[in-house]
Every structure is written in structure tokens, then in C-alpha cells.
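Here is the structure we will look at, set down as C-alpha cells.
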Amino acid sequence: MGKLLRVDMGRQEAKLEQPRGYEKLGGRALTSTVVAKEVPPTCHALSEANKLVIASGLLTGTMAANSGRLSVGAKSPLTGGIKESNVGGNAAFKLERLGIRGIIVEGKPPQGQLHYLVVSNDGASLESADEYRGLKNYDLCEKLKAKHGDKVGIICIGPAGEMRMCAASVAVTDTKGNPSRHAGRGGMGAVMGSKGLKAIVIDDRGAAAIEYHDRDGFREAAGVFRDAIRSHDVTKPGGTLSEFGTNALVNVINEAGAYPTRNFSSGQFEGADKISGEKLREVITERGGETTHAACTGCIIQCSNVYLDRQKRYLTAGFEYESIWAIGGNCGIDDLDTIAQVERLCDDLGVDTIEIGCAIAVAMEGGVKEFGDGAGAIELMHEIGNGTPLGRIIGNGTAMVGQALGVARVPVVKGQSMPAYDPRAVKGVGVTYATSPMGADHTAGYGVATNILKVGGYVDPLKPDGQAELSRGLQIATAALDSAGLCVFVAFALLDIPEGLAAIPKMLNARYGWDLTADDLTEYGQDVLRTEREFNLAAGFTSADDRLPDYFSREQLPPHKTVFDVPAEELDQVHSF
Amino acid sequence: MTVTVKLFAYLRENLPEGAEGKACSREIEGGATVGDVLHGLQIPDTLSLLIFRNAAHASRDEVLEDGDVLAVFPPTAGG
């Protein structure tokens with residue numbers, strides 16, 4: 001496997017080293033293992049003791065489809081626990097081509113210093129980032145590309161990261177070089193900011209080709225894997241993901257009565273049609289944007305998009321379901337252009353759209369703005385950018401806003417805001433929100449697939465039965481996928497097509513000369529979860545942290561009039577394996 | 001009896017002429033099933049679908065009642 005690049009911000013040194021003790025690890029397995037081994041669980045997340053770990057996956061850089069994901073890990077300043085935030089873009093592929101599996105950023109620079117890291121075939125060096133101080137992500141990337149060439153990949157933070165806000169993201173350039181992809185969850189941008197690291201520029205010119213233990217064997221397995229993705233109704237070319245994008249879910253989740261509306265007070269939004277995938281496709285097509293777009297190197301699903309404003313100028317890319325929900329339905333806003341402006345500001349300032357959308361919704365419940373006030377939401381974004389006291393409260397996330405305003409209905413678990421599925425009406429994902437070491441995170445165990453979309457079987461979303469078991473299986477599988485560097489969307493195909501799933505260990509074996517079975521891959525995922533849980537326990541978490549906020553089990557959600565009723569004993573058994 | 005049918009994504013092409021937006025009303029006889037209504041809209045029986053009846057998952061053989069609302073999707077994902 002590739003080497004590790006260890007960057008000491010105190011000594012201003014960047015050194016390549018062999019991955020001793022971290023062999024066979026990639027993606028989330030690598031970030032979580034390094035954090036567990038090298039970061040004191042009780043440290044302050046913004047202190048010198050924390051480390052930011054960035055890793056490509058075990059299959060990244062190869063001919064495997066959809067293997068271009070990047071893991072960003074650290075102790076989270078938002079949750080106080082371990083974090084792996086997963087992102088697409090073009091950086092992971094370039095790192096792997098340079099023979100680098102991971103970057104460990106540690107230490108702390110002298111007060112006030114800001115640097116950026118350049119990684120190329122010639123090695124790695126830290127440069128002064130004084131001229132880039134305070135820049136927003138789009139401007140920053142333009143300047144870095146002007147200096148280092150427009151083919152580089154960039155991992156960077158905006159002003160929110162520099163201000164060490166708990167909702168700060170780590171941005172990654174997409175396949176067109178725009179910083180539209182974000183490791184949003186858990187405040188990884190704040191950790192990067194605390195290290196005085198503004199950006200990482202990855203120049204893979206002159207890099208050697210990826211090596212395979214068995215190239216022909218890999219090609220064959222990668223073919224089976226690709227065919228599975230290309231044949232499933234959801235992921236195939238012309239399927240709903242490529243044609244309508246992730247936002248096709250608005251109408252599905254709304255019709256299922258699980259679309260969190262106005263700070264999780266209803267499961268259906270009367271404005272859903274206006275912000276739906278169908279409407280988005282219509283607007284994008286009318287203005288000449290792109291409805292089918294690969295956000296990550298090597299993607300064959302192409303679920304993303306490019307959104308133009310009314311004047312047909314580029315406004316944002318990666319205008320996804322979660323972001324449109326968080327800023328839209330959850331804030332009672334039904335205007336796509338307004339939502340797109342807020343989303344662009346999130347990307348530019350470098351904050352997580354889910355955390356910020358939920359924070360704004362709680363601020364609306366607390367009376368700072370009215371629900372539905374799009375102009376007000378944009379004003380709040382500028383408050384974040386300007387670092388005003390109110391902006392800093394919102395930029396530090398949903399829980400902080402709830403505390404500052406005395407709001408009791410705060411939809412967070414382990415301090416992290418919930419995504420776009422009400423856990424009362426999609427109980428499988430509710431179990432994941434409660435029990436994932438990451439805090440409320442849909443991607444950690446996407447129960448929606450089986451509860452609502454009927455992918456990989458069916459478990460009734462409204463009943464508590466079988467949800468803990470569903471979430472357990474999905475959390476384990478996801479931990480393995482995240483470590484392989486595979487997009488979680490391949491699971492839609494693999495849950496229904498067993499030979500596609502079987503191709504994953506075959507690809508790993510052909511790449512590295514291993515002898516993994518499918519069962520080994522399950523154990524691999526279990527090991528990742530165990531490592532993460534142990535870190536959290538040592539950081540002070542208890543079973544009380546594996547619960548949804550109390551009101552989800554008391555307040556009925558319209559239209560189903562349902563509450564979250566998966567028994568606590570079952571939640572406590574999710575990680576018994 | 002009357003039921004409302006909402007069609008999504010590329011199924012919207014199956015809405016009858018004169019339908020506004022995503023939905024249409026269908027007159028049905030007693031005992032008519034979800035499948036009968038879909039058949040009447042020229043949606044092939046072989047197509048894999050995600051069907052909600054009054055916001056709950058439904059199958060093609062369920063018998064409809066007056067005032068029911070159906071929402072019908074092709075296989076969909078996202079997130």
C-alpha cells in the first residue's frame with residue numbers, strides 16, 4: 001500500500017514514512033485507526049494533541065468504478081467523539097497515484113501562522129498561506145490553480161475553518177476543479193484550521209501508474225462490479241440517480257411522510273414540488289446547466305449536477321438532496337434559487353450544509369427569523385462569514401444555537417444534527433442516528449434504502465421490529481465500503497446483485513495479493529466500528545449518548561402520528577457483534 | 001369512487017391529457033386494485049415500482065377505497 005505523509009505543523013516538516021502498524025488499512029479504517037492510536041480521547045479537539053487524518057481508500061486510484069472517495073478523520077469538535085467525514089472530488093485519486101495512502105497533520109504552528117501543503121511527485125513542502133488568509137473556497141481555489149496549474153486537486157478550508165467553527169467543512173475540488181465537494185460533517189474544517197493549514201494542493205503530474213498484484217484478475221472483477229452498477233435500475237445510466245440526481249428523493253420521502261419540515265415538526269412539506277428533483281431537473285435544463293455530472297473521479301453513476309442562476313451563470317455544483325432539504329423544507333423555504341444561494345455560501349465559507357440548515361431551522365424556531373424567510377437565511381450566512389457573535393453561534397452548529405436561544409426541540413445526536421429523514425417515520429435510519437459512533441449520520445447505515453426504497457429487502461419503516469438488526473448490518477457494510485474508498489451509492493446495486501458484492505474482495509485480492517473472503521470484509525467493517533466505539537467510550541460517551549433526543553419518543557409526527565419507539569435495549573445491542 | 005394518482009420522475013409521461021402537474025383523478029369501480037389503476041394509465045405490469053397509498057407502502061393487488069391517494073415512483077434512490 002501507499003506511504004503515509006506525516007506533516008508536523010509545529011516543526012514545519014513533511015515526511016513520507018512507511019505505514020508501519022497501519023498495513024492493510026485504507027479510507028475510514030485508516031483515519032479511525034490513526035486517531036484511535038495517536039490521539040488522546042479526552043483531548044480538546046482543537047488542541048495540539050488532535051490530528052487530522054486524510055486517507056484514500058483501498059481501491060482508490062484503480063480501475064474500480066466509483067472508488068474515488070476520500071476519508072477525513074480526527075476527534076470531532078462538534079461531537080467530542082471520533083469522526084470520519086467522507087467526500088468525493090478529485091483529490092483521493094491523485095493522492096493514490098502519488099503513492100500516498102494518507103496524510104497525518106499534527107502539532108500546532110506558532111500562534112497566527114497559516115500555511116498550505118504542496119504534494120507532488122517531487123515530495124511535499126509547506127508554504128506560507130498569508131496571501132490566502134480569509135479567502136473563501138472558490139476564490140482560494142482559483143488562486144491556487146493559477147499558481148500550481150488547473151489540473152491539481154485541492155483540499156481546503158474557507159473562513160469558517162479558519163475561525164474554527166464546529167460546522168466547518170473540508171472542501172475538495174470536483175472533477176471540474178470547483179470546491180463543491182465537502183467533508184462536511186463533524187467540524188473537520190475547524191480541526192484543519194486549528195492546525196493553521198489552509199489548503200493541500202495535490203499535483204499528480206508524472207506519477208507512476210497504479211500497481212496490481214494480478215492486473216488481469218482485477219480487470220475481470222472490476223468488470224463484474226461495473227456491470228452490477230450499470231444494470232441496477234437505480235444506478236444504471238438513464239436511471240433515476242443519473243437523470244434526476246439525489247434530489248429525486250424529495251417527493252419519495254415527502255410522500256412517505258418522512259420529510260422533516262420546519263425543524264422536524266411535520267413529515268410532509270407543502271412546498272415539496274417546488275424544490276423536488278423533477279423541478280430541479282427542469283430548471284437546470286432550461287438554463288443550460290448539467291443534470292448528469294460526475295462529482296468524483298471514476299464515477300459511472302453520475303448523480304450530481306451543475307446549477308446555473310437566473311442569468312445562466314455558474315452558481316453551484318453538487319446541489320444535492322440533503323442540502324436542498326436542510327436549507328429548504330427544514331427551514332420552510334420553497335424557492336430553489338434562494339436555497340442554491342445559501343448552498344453556494346455554505347460551499348464558499350466552508351460549512352456543512354446539513355449542520356447549518358438545521359442550525360438555521362432551530363434559530364427560526366427560536367425566533368431569530370421566521371420559517372420560510374429565504375432572505376433571512378442568506379443574512380444569517382453572511383453573519384457566519386463576517387464572524388459576528390450570532391454568526392459564530394450558528395457556525396458552531398445546531399446544538400449551540402439551541403443552547404444560545406433556549407430552544408428545546410434540537411434534532412441532534414452526540415451534538416451532530418440529523419439529516420433529511422425523520423427518524424420517527426424511517427426507524428431504521430433512526431437507529432443509525434442514535435447508535436453510529438459518528439452522531440446523527442444517514443450515510444453511516446442508510447436504513448432508508450430498505451425502509452423506504454425497498455432496496456436490499458423491506459423492513460416496515462413505521463414499526464420498531466427489525467430496525468436494530470437492519471442498522472447493524474448496514475453500519476458494518478458501510479464501514480467496509482468507506483474503507484475501500486467506494487461510494488456508498490454502489491450499495492444500492494450491490495444489495496440486490498450478489499455477484500457485484502462478491503467482486504469487492506476479489507478486487508482487493510487482485511490489487512494486493514491478499515486472500516480475503518466476503519466474511520473477512522464483514523469482520524473488517526466490524527473492526528472499524530469497534531475501534532471507533534472504544535475511542536468514544538474512552539472519550540466519556542455512555543449508552544445515554546446512543547439515544548435520540550427525548551421528544552422524538554413523545555411528540556407524534558404527522559401524517560403518520562408516529563413516535564420513535566425502538567426499545568433502548570435494542571439500541572444497546574446494535575454494536576454487540 | 002374516485003382516487004387521486006400522483007406520478008413521479010419519468011412516469012409523469014403516463015399522466016393522461018389534461019392532467020395538471022403531477023396528479024390526476026381516476027374514477028374506479030368497487031373492488032378495483034392499485035394494479036387496475038396503473039394498468040389504466042398504461043404503466044406496464046412488468047415495471048418495478050415504488051407505490052405509496054395514503055403515505056404507506058402498497059402493492060399492486062391492494063383493493064382501493066374512495067378518496068385514496070396513490071403516489072407512484074420508478075426505482076429511486078439518493079441521499
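Chain lettering (A, B, ...) mirrors the order of the C-alpha cells, residue numbering begins at 1 for each chain separately, and ligand numbering begins at 1 in order of display.
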**Request:** Might you pull out every residue within 9 Å of Gly513 in chain A, with only C-alpha atoms counted and same-chain residues fewer than 2 positions away left off, and present them as a list in words?
**Result:**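 Those residues are Tyr212, His213, Asp214, Leu508, Asn509, Ala510, Arg511 and Asp515 of chain A.
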Grab the residues selected above and save them as a short mmCIF file (atom, residue, chain, number, x, y, z; two decimals), in the first residue's frame with N, CA, C and O atoms.
data_model
loop_
_atom_site.label_atom_id
_atom_site.label_comp_id
_atom_site.auth_asym_id
_atom_site.auth_seq_id
_atom_site.Cartn_x
_atom_site.Cartn_y
_atom_site.Cartn_z
N TYR A 212 -0.70 -3.49 -9.69
CA TYR A 212 -1.64 -4.55 -9.30
C TYR A 212 -0.86 -5.84 -9.07
O TYR A 212 0.04 -6.17 -9.85
N HIS A 213 -1.26 -6.58 -8.05
CA HIS A 213 -0.68 -7.92 -7.86
C HIS A 213 -1.09 -8.82 -9.03
O HIS A 213 -0.29 -9.60 -9.54
N ASP A 214 -2.34 -8.68 -9.46
CA ASP A 214 -2.86 -9.50 -10.56
C ASP A 214 -3.77 -8.62 -11.42
O ASP A 214 -4.98 -8.54 -11.18
N LEU A 508 -9.89 -6.52 -4.17
CA LEU A 508 -8.87 -6.27 -3.13
C LEU A 508 -7.76 -7.31 -3.21
O LEU A 508 -6.56 -6.97 -3.12
N ASN A 509 -8.15 -8.56 -3.42
CA ASN A 509 -7.15 -9.62 -3.51
C ASN A 509 -6.25 -9.44 -4.73
O ASN A 509 -5.04 -9.66 -4.66
N ALA A 510 -6.86 -9.04 -5.84
CA ALA A 510 -6.08 -8.87 -7.07
C ALA A 510 -5.18 -7.62 -7.00
O ALA A 510 -4.11 -7.58 -7.59
N ARG A 511 -5.59 -6.65 -6.23
CA ARG A 511 -4.77 -5.44 -6.10
C ARG A 511 -3.56 -5.70 -5.20
O ARG A 511 -2.46 -5.26 -5.49
N ASP A 515 -5.94 -12.58 0.51
CA ASP A 515 -6.78 -13.76 0.39
C ASP A 515 -8.07 -13.54 1.17
O ASP A 515 -8.49 -14.38 1.95
#
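Excluding Gly21 in chain B itself and same-chain residues fewer than 6 positions from it, the residues having an atom within 12 Å of it are Asp273, Lys274, Glu278 and Lys279 of chain A; Val5, Lys6, Leu7, Phe8, Ala9, Arg12, Glu13 and Leu15 of chain B, counting only C-alpha atoms.
Here the question is which of B:Val37, B:Val63, B:Ala23, B:Ile43 gets nearest to chain A using only C-alpha atoms, and that residue is B:Ala23.
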How close does chain A get to chain B? List, as JSON lines, each residue of chain A within 7 Å, its nearest atom pair and the distance in Å to one decimal, counting only C-alpha atoms.
{"residue": "A:Asp233", "atom": "CA", "partner": "B:Pro75", "partner_atom": "CA", "distance": 6.2}
{"residue": "A:Val234", "atom": "CA", "partner": "B:Thr76", "partner_atom": "CA", "distance": 5.6}
{"residue": "A:Thr240", "atom": "CA", "partner": "B:Thr76", "partner_atom": "CA", "distance": 5.6}
{"residue": "A:Leu241", "atom": "CA", "partner": "B:Ala77", "partner_atom": "CA", "distance": 6.4}
{"residue": "A:Gly245", "atom": "CA", "partner": "B:Gly78", "partner_atom": "CA", "distance": 6.9}
{"residue": "A:Thr246", "atom": "CA", "partner": "B:Gly78", "partner_atom": "CA", "distance": 3.9}
{"residue": "A:Asn247", "atom": "CA", "partner": "B:Gly78", "partner_atom": "CA", "distance": 6.6}
{"residue": "A:Ala248", "atom": "CA", "partner": "B:Gly78", "partner_atom": "CA", "distance": 6.8}
{"residue": "A:Leu249", "atom": "CA", "partner": "B:Gly78", "partner_atom": "CA", "distance": 5.9}
{"residue": "A:Glu255", "atom": "CA", "partner": "B:Ala55", "partner_atom": "CA", "distance": 5.4}
{"residue": "A:Ala256", "atom": "CA", "partner": "B:Ala55", "partner_atom": "CA", "distance": 4.7}
{"residue": "A:Gly257", "atom": "CA", "partner": "B:Ala55", "partner_atom": "CA", "distance": 5.9}
{"residue": "A:Glu278", "atom": "CA", "partner": "B:Ala9", "partner_atom": "CA", "distance": 6.1}
{"residue": "A:Tyr321", "atom": "CA", "partner": "B:Gly79", "partner_atom": "CA", "distance": 6.0}
{"residue": "A:Glu322", "atom": "CA", "partner": "B:Gly79", "partner_atom": "CA", "distance": 6.3}
{"residue": "A:Leu453", "atom": "CA", "partner": "B:Thr76", "partner_atom": "CA", "distance": 6.7}
**Request:** Write down as number ranges by chain the residues belonging to range 65-270 of chain A that are assigned strand (DSSP E) by DSSP computed on the backbone.
**Result:** A: 70-75, 82-87, 100-106, 115-120, 123-128, 153-156, 170-172, 181-183, 197-202
